[in-house]
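Engineer: This is the structure I want to talk about, given as structure tokens.
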Amino acid sequence: MAARSSNAPLLEVRNLRVEFPTRRGTLLAVDDVSFDIAPGEVLGVVGESGAGKSLTGNAIIGLLEPPGRIASGEIRLEGRRIDNLPYEEMRKIRGARIGAIFQDPLTSLNPLYSVGRQLVETIQTHRPMSAAEAGKRAIDLLKEVGIPGAEQRIDHYPHQFSGGMRQRVVIALALCAGPRLIVADEPTTALDVSIQAQIISLLKRLCRDHGTAVMLVTHDMGVIAETADRVAVMYAGRVAEIGPVHNVIKHANHPYTRGLMGSIPSLGHRAERLTQIDGSMPRLTEIPKGCAFNPRCTERGQRCMVERPDLIPAGLGWAACWLHDAKGVGAAVPKELADA
Amino acid sequence: MLAFILRRLAQSVAVLLTVGLVSFFLFRYVGDPINAMVGQDTPAVEREALRQKLGLNEPAPLQFIHFIANAAQGKFGLSYRTSEPVSRMILERLPATLELSFCAAMFALLVGVPMGVYTGLYPRHWSSRAFQAVSLIGVSLPTFLIGILLILFFSVILHWLPSFGRGETVTIGWWTTNFLRWKGIEALILPSITLGLFQLTLLMRLVRSEMLEVMRTDYIKFARARGLSNRAINFGHALKNTLVPVITVAGLQLGSLIAFALVTETVFAWPGVGQLFIQSVQFADIPVMAAYLMLIGLFFVIINLAVDLLYFAVDPRLRSQVGGRAGAH
């Protein structure tokens, strides 16, 4: 967290709601999400599939797929509001101020153009450079992301690179116009386990060198533990807990986070059975009253069944759980094992 | 790469030989050509002499070899109907058909592809829906009906455009062209629209569905995330990825434009090879029919070869599959 010299956050997300109008009513996929990212900071965002992590990322880069849309809330980049910009204004920010990396490096690159052409095209879109200058910068970038023989490889097509190498090219493309923030949506999920670590450490190193902040969306707690400064845990479209990464991992404040941590195998303890959280995340159409996690929670009380908690200061971070409220959860409501 | 071209050339030759075999059987065994050439009261001795002279009493394989050897030199014998050399009759009429097919193809490509891109990019816009509806008409109406309707409207009612013939042409060497006289260009308009309309709607629908598919891919999303302009995304990244299927279909369609120009040529009394073919069928003029068959076969083979080579220009993955490493681009 060395880069937090200035107090102003790079990215501010306030009360963000993303909704999907459907025939059977409007679904709220991201519900009242707020967080900040400081310059140079790595914020990990974890949660199960469908928790709203990727949608939050897409909302930030302004690429929600219709009919999804931002219903309310604000997104600010360097103090400037960006959630309501016209398409053309936002286009100039994408790539130049906010970069993005998506899940599958095999399909993120256009198969018909050489990687050099795709790099040069992106650089020239955002920087007033000649083709020769942009080409030189493209080679430098390929070298920086660790592609051997960059001078020759620049003319090669995506299908001539391996998965890991392609993801390096994707990272070079995301960084080539010098963005302040990168939204990385499961950047290693599609890769070999042996290559995942390389890509993550490369991303981490590059962003440290360039002072680029990262919003790292993943469901891999191991990646978060290694990379992130802070972590936000999302559940059913809301932030369940947010705080410094070591605190969240060692002293989780939300029962859901504790459940998540219990389900990660660790090398230290052997032969222990991994705990799992019973049940599954509710569908958007059937989110229960009160706390969305209450059907699966072992520590729930009367209050959790009727009142929805917002983020409450807990330890060094914040948790959306009545356990941290002065009034507590109320009378305990034991979890019936029958209601699966 | 060279090996691939050679292999394709060999395949093309095989296809042409097969077409030649069909033409030969048509020529040789659909009725007795001697009967078609001589009068009813010709004595049997003269018939036999003619048979001898034409080589028709040789064994069939030998005759086939002669037929192919002659065809390769463009010799298809004399027309039964006019006693002119078939090759000259076809060459005289070929420019008319080629110019008509070319204009129809250009019309289909230059209108159909942009319409397909537009309807693919804005599928919900009312004008896209209108294009879709109109294209259904184009696909479902038969060519001759479209031609007759166009003649009724633009020639009979409005008197804007001629209803038949090539208008004025200019002869350059053996090639007669419509393009150098305004009257000739005028005469091309209605037949080209008639001939090209079906291909236009087909191309539009194909480009539209391919565009819809490509716009959903990850690399288009990533191109947006890189902040590229809409123009670069729509035409540079999306359209180019739709080209392989579009080239395939457009190439085949160009072949059928030439082959099936005969309906349009009949409706517009267009003096092309299609019309010649129809007349030959009526007179059982087998040498002309055989030559026409060979010619159409040749066009299809050439177009297919060109299409295959275009794939390489478009898709680098094919280049490296066939030719080892892809060269610098």
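Note on naming: chains are A, B, ... as they come in the structure tokens, residues start from 1 per chain, ligands start from 1 in the order shown.
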Near chain A, meaning an atom within 12 Å, which residues of chain B appear when counting only C-alpha atoms? Write them as a VMD selection string.
Structural biologist: chain B and resid 214 to 233 236 to 244 311 to 321 324 to 329
Engineer: Write down as JSON, numbers by chain the residues of segment 66-168 of chain B whose backbone DSSP state falls under helix (DSSP H, G or I).
Structural biologist: {"B": [66, 67, 68, 69, 70, 71, 72, 86, 87, 88, 89, 90, 91, 92, 93, 94, 95, 96, 97, 98, 99, 100, 101, 102, 103, 104, 105, 106, 107, 108, 109, 110, 111, 112, 113, 114, 115, 116, 117, 118, 119, 120, 121, 126, 127, 128, 129, 130, 131, 132, 133, 134, 135, 136, 137, 138, 139, 140, 143, 144, 145, 146, 147, 148, 149, 150, 151, 152, 153, 154, 155, 156, 157]}
Engineer: Env of Asn294 of chain A: 7 Å cut, atoms = only C-alpha atoms, seq-sep filter 4 positions within chain, self excluded. Answer as a PyMOL selection string.
Structural biologist: chain A and resi 300+304-305
Engineer: Hey, which of A:Ala8, A:Leu260, A:Leu216, A:Ala51 ends up closest to Leu284 of chain A? Count only C-alpha atoms.
Structural biologist: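 Looking only at the distances to Leu284 of chain A, the closest residue turns out to be A:Ala51.
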Engineer: Could you give me, as a PyMOL selection string, the residues within 12 Å of Val245 of chain A, counting only C-alpha atoms and dropping anything in the same chain fewer than 4 positions from it?
Structural biologist: chain A and resi 1+41-46+221-233+241+249-252+257+316-317
Engineer: Compare A:Ala184, A:Val333, A:Val115, A:Ala131 by their minimum atom-to-atom distance to Ala150 of chain A, counting only C-alpha atoms, and give me the closest one.
Structural biologist: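 Nearest to Ala150 of chain A: A:Val115.
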Engineer: Give me, please, the distance in Å between atom CA of Arg17 of chain A and atom CA of Ser72 of chain A, quoted to one decimal.
Structural biologist: 5.3 Å
Engineer: Find the residues near Phe300 of chain B: any atom within 10 Å, counting only C-alpha atoms, skip ones fewer than 3 places away on the same chain, and give them as a list of chain:residue names.
Structural biologist: B:Ser12, B:Val15, B:Leu16, B:Gly251, B:Leu252, B:Gln253, B:Leu254, B:Gly255, B:Ser256, B:Ile258, B:Ala259, B:Met294, B:Leu295, B:Ile296, B:Gly297, B:Ile303, B:Asn304, B:Leu305, B:Ala306
Engineer: I'd like the neighbourhood of Gln132 of chain B as a list in words, where a residue qualifies if any of its atoms comes within 10 Å (using only C-alpha atoms), though same-chain residues fewer than 2 positions away should be ignored.
Structural biologist: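 That gives Met115, Gly116, Thr119, Pro123, Trp126, Ser127, Ser128, Arg129, Ala130, Val134, Ser135, Leu136, Ile137, Gly138, Thr201, Met204, Arg205 and Arg208 of chain B.
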Engineer: Using only C-alpha atoms, please write the residues we just selected to a file, as a short mmCIF file (atom, residue, chain, number, x, y, z; two decimals), in the first residue's frame.
Structural biologist:
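Full text of result38.cif as output:
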```
data_model
loop_
_atom_site.label_atom_id
_atom_site.label_comp_id
_atom_site.auth_asym_id
_atom_site.auth_seq_id
_atom_site.Cartn_x
_atom_site.Cartn_y
_atom_site.Cartn_z
CA MET B 115 -27.26 -3.64 -45.81
CA GLY B 116 -26.18 -6.81 -44.03
CA THR B 119 -28.95 -4.75 -40.07
CA PRO B 123 -30.87 -5.39 -35.40
CA TRP B 126 -36.99 -0.07 -37.54
CA SER B 127 -35.10 0.29 -40.83
CA SER B 128 -33.33 -3.02 -40.19
CA ARG B 129 -36.68 -4.68 -39.71
CA ALA B 130 -37.89 -3.06 -42.94
CA VAL B 134 -38.13 -6.54 -48.06
CA SER B 135 -35.40 -9.16 -48.30
CA LEU B 136 -37.99 -11.86 -47.71
CA ILE B 137 -39.77 -10.68 -50.84
CA GLY B 138 -36.51 -10.76 -52.77
CA THR B 201 -30.99 -10.61 -50.31
CA MET B 204 -27.60 -9.39 -46.86
CA ARG B 205 -29.07 -12.15 -44.72
CA ARG B 208 -26.36 -9.95 -41.03
#
```
Engineer: Would you work out the distance separating atom CA of Ala314 of chain A from atom CA of Gly301 of chain A, expressed in Å to one decimal?
Structural biologist: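 So the answer is 18.1 Å.
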Engineer: Choose the residue, out of A:Pro295, A:Gly243, A:Pro39, A:Gly163, that has the smallest atom-to-atom separation from Ala319 of chain A; count only C-alpha atoms.
Structural biologist: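 Between A:Pro295, A:Gly243, A:Pro39, A:Gly163, the residue approaching Ala319 of chain A most closely is A:Gly243.
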Engineer: Name all residues at most 12 Å from Gly274 of chain B (count only C-alpha atoms; drop same-chain ones fewer than 6 positions away) and give them as a VMD selection string.
Structural biologist: chain B and resid 89 to 90 93 to 98 100 to 101 256 to 268 280 to 281 288 to 289 291 to 293 295 to 296
Engineer: Could you tell me how far atom CA of Leu141 of chain B sits from atom CA of Phe153 of chain B, in Å to one decimal place?
Structural biologist: 16.2 Å
Engineer: Please identify the strand (DSSP E or B) residues within segment 71-291 of chain A (assignment by DSSP from backbone atoms) and present them as number ranges by chain.
Structural biologist: A: 71-77, 80-81, 94, 98-101, 181-185, 213-217, 230-235, 238-244
